[in-house]
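So the structure is just underneath, and the comments pick up after that.
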Amino acid sequence: MQDQSARARKNLKYLTLLAREYPNIAAASSEIINLQAILKLPKGTEHFMSDLHGEAEAFTHIVNNASGVIKEKVDRVLGPGVPDQERAEFATLIYYPAQKLDELKERQTDLNAWYRQTLYRLIDVCRVVSSKHTRSFVRKRLPKNYAYILDELLHAHFEDHDKEFYYGQILSSIIDVGRADDFIEAMCVLIKNLAVFKLHIVGDIFDRGPRPDQIMEQLLNHHSVDIQWGNHDVVWMGAAAGSPICIATVLRTSLAYNNLEALEDGYGINLRPLALFAESEYRDCDMHHFYPRTDEARGPYHRSELIRTARMHKAIAIIMFKLECQVIDRNPDFELEGRDFLRRIDYREGTVEVEGKRYPLRDDDFPTVNPADPARLTRQEQEVMEALQRSFMESERLQRHVRFLFSKGGVYHIENGNLLFHGAVPLTDSGSFAVETFEQHGYAGRALMDYCDERARRGYFAPEGSAERQSGEDFLWYLWCGKLSPLYGRDKMTTFERLFVEDPDTHTETKNPYYRHVNDSKMARAILAEFGLDQTHSHIVNGHVPVRAAKGETPVKGEGRLIVIDGGFCRAYHEKTGIAGYTLVYNSRGMSLRQHQPFESAEKAIRENLDIVSTVDVFETCEKRTLVGDTDNGRRLAADIEDLKLLVQAYQMGLVKEKT
């Protein structure tokens with residue numbers, strides 16, 4: 001008791017602040033009871049996804065169907081007595097209510113009867129998905145316009161009411177006043193929100209897919225999400241900060257994949273200055289190696305458009321290689337000597353030096369390069385980059401998305417015994433943590449990851465024009481392609497070689513030894529220990545490297561300590577992996593991987609009630625059900641309970657005065 005008294009006196013300033021929220025013993029005690037009840041509930045369901053690569057339609061569908069969880073709930077609630085087609089139709093309504101409602105209504109001979117049946121079914125599904133949450137948790141997620149009605153419908157006790165009569169009266173009122181459509185949409189959104197407690201995105205939202213901006217918009221509106229940056233994400237973050245090298249890199253990648261929708265339609269980036277410059281300076285160049293990759297599903301393509309895109313691609317590629325030389329000059333600690341290729345070209349002989357060996361160039365037409373000073377931008381190139389820089393920095397939507405990436409994201413994340421990062425913890429060949437020296441200090445393991453996170457933030461938040469801002473912007477580019485970047489995980493990025501050198505030996509990008517060593521459970525456990533995690537029950541969750549499921553490769557490695565969840569979400573990887581992505585599901589009963597088959601289109605899914613086919617592999621089952629009290633959040637709640645108990649004691653001792 002004396003110890004408690006001493007603690008209360010020591011923390012009196014904090015307890016006085018806490019008393020503003022809980023002004024008397026009754027309020028504090030009530031909250032203690034609520035929190036203790038929460039600790040006994042099953043833990044919420046966590047979903048982990050990675051390497052979305054701009055595939056907005058497929059991502060939207062998987063979020064809408066909660067990786068197949070919602071269809072399972074629908075089948076459970078409706079039961080085998082309802083035909084398969086009708087259950088599929090009802091599930092599609094939950095996924096896409098705004099798009100599906102009109103079609104379903106047109107087919108009804110008795111619309112009011114259909115409304116009543118649909119609302120009954122939605123309430124029953126909603127009751128099932130809300131069953132593991134507290135009433136207060138559910139209330140916070142109820143749509144404001146229908147919060148009271150939904151609270152009543154979800155939590156009514158039918159020993160006191162006749163269910164049919166009680167529901168019937170409320171639902172009749174909703175239908176009579178013409179609010180049935182709106183109410184159905186609200187319930188569908190609520191079901192999707194309650195099905196998944198937390199969403200983890202393990203990197204690479206951006207890249208070759210058509211609409212990463214639409215994915216970002218969805219994540220902004222998600223009730224609970226965190227993001228571990230991928231190398232494709234940080235280069236966009238650098239572009240939003242105004243980094244010329246990151247802007248050029250983002251544009252080159254987008255043009256290489258003929259992906260201009262996100263730039264022009266999504267973010268309002270004005271590409272006209274680049275297009276005019278390319279038309280002027282590269283009109284007579286051979287564009288053979290710069291034609292963009294195309295996707296039949298997004299065609300057809302006009303030849304004139306492809307030629308225009310190819311010219312822009314080559315123009316921005318040359319600007320990018322010039323800017324790379326400048327960044328390498330400014331940052332000797334990046335250790336990228338030899339990657340300044342425009343300086344290693346013999347312009348008369350048409351050859352280039354790559355790692356000490358000379359190779360013929362397959363394209364030696366460089367109309368804007370001065371061999372005497374190859375890294376210098378021409379006046380026209382400088383003007384193009386200044387216009388693009390303004391466009392990126394003035395895009396309100398892009399800035400909003402990137403601020404979200406900084407606020408909800410980081411290089412790594414630890415939650416509930418899981419260590420999440422996109423790429424790698426750099427290792428040496430012998431399996432020790434690789435040491436990299438930046439700003440006269442050596443970093444390895446967790447310290448390297450922490451340093452990368454801190455310096456990346458400088459690139460966006462340090463004052464414009466400051467040395468810290470320049471250093472941070474350059475580092476965002478290093479994270480994109482640097483040899484010890486935890487987000488990249490390879491020794492080099494061979495963009496120049498792939499464009500200009502025929503010999504395929506120069507195209508090789510060697511993976512960091514991490515990818516070899518981490519398959520050994522001993523190394524996986526050592527990494528978990530480096531981050532302060534239990535070596536027996538914790539997991540590393542990784543993305544970045546596609547799992548070749550078609551060749552029998554398994555995503556669970558290192559005796560279960562490592563889970564790789566890049567299953568080829570991007571359409572371009574479907575042939576390589578044989579599937580279309582994974583979702584890792586961690587709920588109160590254990591861990592499972594849901595392996596997804598390719599998704600055709602949202603239009604077809606809505607019209608034909610098609611769902612993504614997912615197979616489930618339960619690879620780890622809990623001996624006893626995991627409760628909220630066993631989670632990180634549970635430990636925080638337990639600490640809150642102790643604080644509230646201390647506040648009650650302070651009230652009882654008269655150290656803090658109660659208010660009514």
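Order determines the names: the first chain of the structure tokens is A, the second B, and so forth; residues in each chain are numbered 1 upward, and ligands are numbered 1 upward as they are shown.
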Against region 579-600 of chain A, which residues of region 358-419 of chain A fall within 12 Å? For each one I want the closest pair of atoms and the distance in Å (one decimal), counting only C-alpha atoms, rows by chain and increasing residue number, as a tab-separated table.
```
residue	atom	partner	partner_atom	distance
A:Glu415	CA	A:Tyr586	CA	11.4
A:Asn416	CA	A:Tyr586	CA	9.9
A:Gly417	CA	A:Tyr586	CA	11.2
A:Asn418	CA	A:Tyr586	CA	10.2
```
Handout entry: Near-Ala26 (chain A) list (12 Å; only C-alpha atoms; drop same-chain fewer than 2 positions) as a ChimeraX atom specification
Key = /A:19,21-24,28-33,644-645,647-648,651-652,658-660
Practice task
Skip region 186-189 of chain A itself and residues of its chain fewer than 4 positions away, then list as a ChimeraX atom specification all residues within 10 Å of it, counting only C-alpha atoms.
Solution key: /A:64,91,93-98,119,122-123,125-126,141-146,150,180-182,193-194
Taking the DSSP assignment computed from this structure's backbone, write out as a CSV table (one decimal) with N, CA and C atoms, in the first residue's frame all residues of region 308-374 of chain A that belong to strand (DSSP E).
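In the end it all went to part.csv:
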```csv
chain,number,residue,atom,x,y,z
A,345,ILE,N,31.8,5.8,-71.0
A,345,ILE,CA,31.5,5.5,-72.4
A,345,ILE,C,32.7,6.1,-73.2
A,346,ASP,N,33.2,5.3,-74.2
A,346,ASP,CA,34.1,5.8,-75.2
A,346,ASP,C,33.2,6.2,-76.4
A,351,THR,N,31.7,2.1,-77.0
A,351,THR,CA,31.9,1.1,-76.0
A,351,THR,C,31.7,1.7,-74.6
A,352,VAL,N,31.4,0.8,-73.7
A,352,VAL,CA,31.3,1.3,-72.3
A,352,VAL,C,32.0,0.3,-71.3
A,353,GLU,N,32.6,0.8,-70.3
A,353,GLU,CA,33.2,0.0,-69.3
A,353,GLU,C,32.2,-0.4,-68.2
A,354,VAL,N,32.1,-1.7,-68.0
A,354,VAL,CA,31.2,-2.2,-66.9
A,354,VAL,C,32.1,-3.2,-66.1
A,357,LYS,N,35.5,-4.1,-67.6
A,357,LYS,CA,35.5,-4.8,-68.9
A,357,LYS,C,34.8,-3.9,-69.9
A,358,ARG,N,35.3,-3.8,-71.1
A,358,ARG,CA,34.6,-3.0,-72.2
A,358,ARG,C,33.6,-3.9,-73.0
A,359,TYR,N,32.5,-3.2,-73.2
A,359,TYR,CA,31.4,-3.9,-74.0
A,359,TYR,C,31.0,-2.9,-75.1
A,360,PRO,N,30.6,-3.4,-76.3
A,360,PRO,CA,30.0,-2.5,-77.3
A,360,PRO,C,28.6,-2.1,-76.9
```
Exercise for the section: Do a neighbour search on Lys314 (chain A) at 9 Å with only C-alpha atoms, toss out local chain neighbours closer than 5 positions, and write the hits as a list in words. Expected result: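 Non-adjacent residues within range: Arg252, Ala278, Tyr282, Met287, His289, Phe290, Thr309 and Ile319 of chain A.
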Practice task
Kindly give the distance, in Å, that separates CA of Val656 (chain A) and CA of Leu12 (chain A), rounded to a single decimal.
Solution key: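 So the two atoms, CA of Val656 (chain A) and CA of Leu12 (chain A), lie 8.0 Å apart.
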Run DSSP on the backbone and grab whatever in region 155-262 of chain A lands in alpha helix (DSSP H); send it over as a PDB file with C-alpha atoms, in the first residue's frame.
```pdb
ATOM      1  CA  HIS A 155     -27.005  -6.277 -30.148  1.00  0.00           C
ATOM      2  CA  LYS A 163     -36.790 -11.450 -33.635  1.00  0.00           C
ATOM      3  CA  GLU A 164     -39.060 -11.421 -36.665  1.00  0.00           C
ATOM      4  CA  PHE A 165     -41.336  -8.740 -35.220  1.00  0.00           C
ATOM      5  CA  TYR A 166     -38.494  -6.593 -33.857  1.00  0.00           C
ATOM      6  CA  TYR A 167     -36.408  -6.673 -37.031  1.00  0.00           C
ATOM      7  CA  GLY A 168     -39.514  -6.375 -39.148  1.00  0.00           C
ATOM      8  CA  GLN A 169     -40.672  -3.105 -37.587  1.00  0.00           C
ATOM      9  CA  ILE A 170     -37.254  -1.444 -38.004  1.00  0.00           C
ATOM     10  CA  LEU A 171     -36.644  -2.764 -41.520  1.00  0.00           C
ATOM     11  CA  SER A 172     -40.143  -1.774 -42.678  1.00  0.00           C
ATOM     12  CA  SER A 173     -39.438   1.778 -41.552  1.00  0.00           C
ATOM     13  CA  ILE A 174     -36.131   1.841 -43.462  1.00  0.00           C
ATOM     14  CA  ILE A 175     -37.846   0.608 -46.636  1.00  0.00           C
ATOM     15  CA  ASP A 176     -40.894   2.879 -46.266  1.00  0.00           C
ATOM     16  CA  ALA A 180     -33.014   0.823 -48.075  1.00  0.00           C
ATOM     17  CA  ASP A 181     -30.292   1.283 -50.722  1.00  0.00           C
ATOM     18  CA  ASP A 182     -28.264   3.592 -48.510  1.00  0.00           C
ATOM     19  CA  PHE A 183     -28.688   1.280 -45.524  1.00  0.00           C
ATOM     20  CA  ILE A 184     -27.581  -1.758 -47.546  1.00  0.00           C
ATOM     21  CA  GLU A 185     -24.436   0.070 -48.681  1.00  0.00           C
ATOM     22  CA  ALA A 186     -23.682   1.160 -45.114  1.00  0.00           C
ATOM     23  CA  MET A 187     -24.032  -2.412 -43.831  1.00  0.00           C
ATOM     24  CA  CYS A 188     -21.789  -3.804 -46.579  1.00  0.00           C
ATOM     25  CA  VAL A 189     -19.062  -1.300 -45.684  1.00  0.00           C
ATOM     26  CA  LEU A 190     -19.426  -2.170 -41.991  1.00  0.00           C
ATOM     27  CA  ILE A 191     -19.097  -5.921 -42.668  1.00  0.00           C
ATOM     28  CA  LYS A 192     -15.871  -5.338 -44.609  1.00  0.00           C
ATOM     29  CA  ASN A 193     -14.487  -3.091 -41.869  1.00  0.00           C
ATOM     30  CA  LEU A 194     -15.220  -5.605 -39.121  1.00  0.00           C
ATOM     31  CA  ALA A 195     -13.901  -8.660 -40.993  1.00  0.00           C
ATOM     32  CA  PRO A 212      -1.143   2.756 -57.353  1.00  0.00           C
ATOM     33  CA  ASP A 213      -2.880   6.052 -56.585  1.00  0.00           C
ATOM     34  CA  GLN A 214      -6.208   4.215 -56.229  1.00  0.00           C
ATOM     35  CA  ILE A 215      -4.613   1.724 -53.835  1.00  0.00           C
ATOM     36  CA  MET A 216      -3.257   4.612 -51.766  1.00  0.00           C
ATOM     37  CA  GLU A 217      -6.700   6.210 -51.656  1.00  0.00           C
ATOM     38  CA  GLN A 218      -8.162   2.961 -50.313  1.00  0.00           C
ATOM     39  CA  LEU A 219      -5.453   2.663 -47.672  1.00  0.00           C
ATOM     40  CA  LEU A 220      -6.087   6.256 -46.587  1.00  0.00           C
ATOM     41  CA  ASN A 231      12.017   0.303 -52.842  1.00  0.00           C
ATOM     42  CA  HIS A 232       9.336   1.250 -55.383  1.00  0.00           C
ATOM     43  CA  ASP A 233       7.574   3.269 -52.676  1.00  0.00           C
ATOM     44  CA  VAL A 234      10.584   5.271 -51.477  1.00  0.00           C
ATOM     45  CA  VAL A 235      11.487   6.455 -54.960  1.00  0.00           C
ATOM     46  CA  TRP A 236       7.966   7.921 -55.286  1.00  0.00           C
ATOM     47  CA  MET A 237       8.381   9.475 -51.848  1.00  0.00           C
ATOM     48  CA  GLY A 238      11.604  11.075 -53.074  1.00  0.00           C
ATOM     49  CA  ALA A 239       9.852  12.312 -56.211  1.00  0.00           C
ATOM     50  CA  ALA A 240       7.147  13.945 -54.086  1.00  0.00           C
ATOM     51  CA  ALA A 241       9.910  15.624 -52.066  1.00  0.00           C
ATOM     52  CA  PRO A 244      15.260  15.286 -59.501  1.00  0.00           C
ATOM     53  CA  ILE A 245      16.868  11.823 -59.552  1.00  0.00           C
ATOM     54  CA  CYS A 246      13.773  10.234 -57.975  1.00  0.00           C
ATOM     55  CA  ILE A 247      11.463  12.092 -60.376  1.00  0.00           C
ATOM     56  CA  ALA A 248      13.478  10.891 -63.375  1.00  0.00           C
ATOM     57  CA  THR A 249      13.518   7.324 -62.008  1.00  0.00           C
ATOM     58  CA  VAL A 250       9.752   7.244 -61.415  1.00  0.00           C
ATOM     59  CA  LEU A 251       9.091   8.599 -64.896  1.00  0.00           C
ATOM     60  CA  ARG A 252      11.479   6.164 -66.592  1.00  0.00           C
ATOM     61  CA  THR A 253       9.856   3.161 -64.891  1.00  0.00           C
ATOM     62  CA  SER A 254       6.353   4.393 -65.733  1.00  0.00           C
ATOM     63  CA  LEU A 255       7.242   5.039 -69.365  1.00  0.00           C
ATOM     64  CA  ALA A 256       9.016   1.680 -69.687  1.00  0.00           C
TER      65      ALA A 256
END
```
Problem - A:Ala8, A:Ile316, A:Met653, A:Val196 ranked by distance to Ile25 (chain A), top pick (using only C-alpha atoms) - result: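 Result for the nearest residue to Ile25 (chain A): A:Met653.
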Handout entry: Residue neighbourhood Asp265 (chain A), 12 Å, only C-alpha atoms, exclusion window fewer than 2 positions, as a list in words
Key =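 Non-adjacent residues within range: Pro210, Arg211, Pro212, Asp213, Gln214, Asn259, Leu260, Glu261, Ala262, Leu263, Tyr267, Gly268, Ile269, Asn270, Leu271, Ser395, Arg397 and Leu398 of chain A.
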Per residue of region 457-569 of chain A within 10 Å of region 406-413 of chain A, note the shortest atom pair and the distance in Å to one decimal, counting only C-alpha atoms, and order the rows by chain and increasing residue number, as CSV.
```
residue,atom,partner,partner_atom,distance
A:Arg457,CA,A:Phe406,CA,7.4
A:Tyr460,CA,A:Phe406,CA,8.9
A:Phe461,CA,A:Phe406,CA,9.8
A:Leu479,CA,A:Val411,CA,10.0
A:Pro486,CA,A:Val411,CA,8.0
A:Leu487,CA,A:Val411,CA,7.6
A:Val541,CA,A:His413,CA,9.9
```
Please, could you write that set of residues out with N, CA and C atoms as a PDB file, in the first residue's frame?
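out-v1.pdb was written with the following content:
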```
ATOM      1  N   ARG A 457      13.409  10.126 -43.784  1.00  0.00           N
ATOM      2  CA  ARG A 457      12.459  11.162 -43.372  1.00  0.00           C
ATOM      3  C   ARG A 457      13.042  12.562 -43.564  1.00  0.00           C
ATOM      4  N   TYR A 460      12.162  14.343 -46.860  1.00  0.00           N
ATOM      5  CA  TYR A 460      10.854  14.966 -47.074  1.00  0.00           C
ATOM      6  C   TYR A 460      10.586  16.095 -46.090  1.00  0.00           C
ATOM      7  N   PHE A 461      11.069  15.943 -44.854  1.00  0.00           N
ATOM      8  CA  PHE A 461      10.680  16.876 -43.799  1.00  0.00           C
ATOM      9  C   PHE A 461      11.735  17.931 -43.461  1.00  0.00           C
ATOM     10  N   LEU A 479      18.031   4.090 -51.256  1.00  0.00           N
ATOM     11  CA  LEU A 479      17.165   3.008 -50.778  1.00  0.00           C
ATOM     12  C   LEU A 479      16.489   2.279 -51.938  1.00  0.00           C
ATOM     13  N   PRO A 486      18.304  -1.966 -47.351  1.00  0.00           N
ATOM     14  CA  PRO A 486      17.420  -3.032 -46.855  1.00  0.00           C
ATOM     15  C   PRO A 486      16.159  -3.195 -47.697  1.00  0.00           C
ATOM     16  N   LEU A 487      15.826  -2.178 -48.479  1.00  0.00           N
ATOM     17  CA  LEU A 487      14.607  -2.234 -49.280  1.00  0.00           C
ATOM     18  C   LEU A 487      14.842  -2.862 -50.650  1.00  0.00           C
ATOM     19  N   VAL A 541       8.218 -11.595 -41.593  1.00  0.00           N
ATOM     20  CA  VAL A 541       7.290 -11.537 -42.733  1.00  0.00           C
ATOM     21  C   VAL A 541       7.924 -10.644 -43.786  1.00  0.00           C
TER      22      VAL A 541
END
```
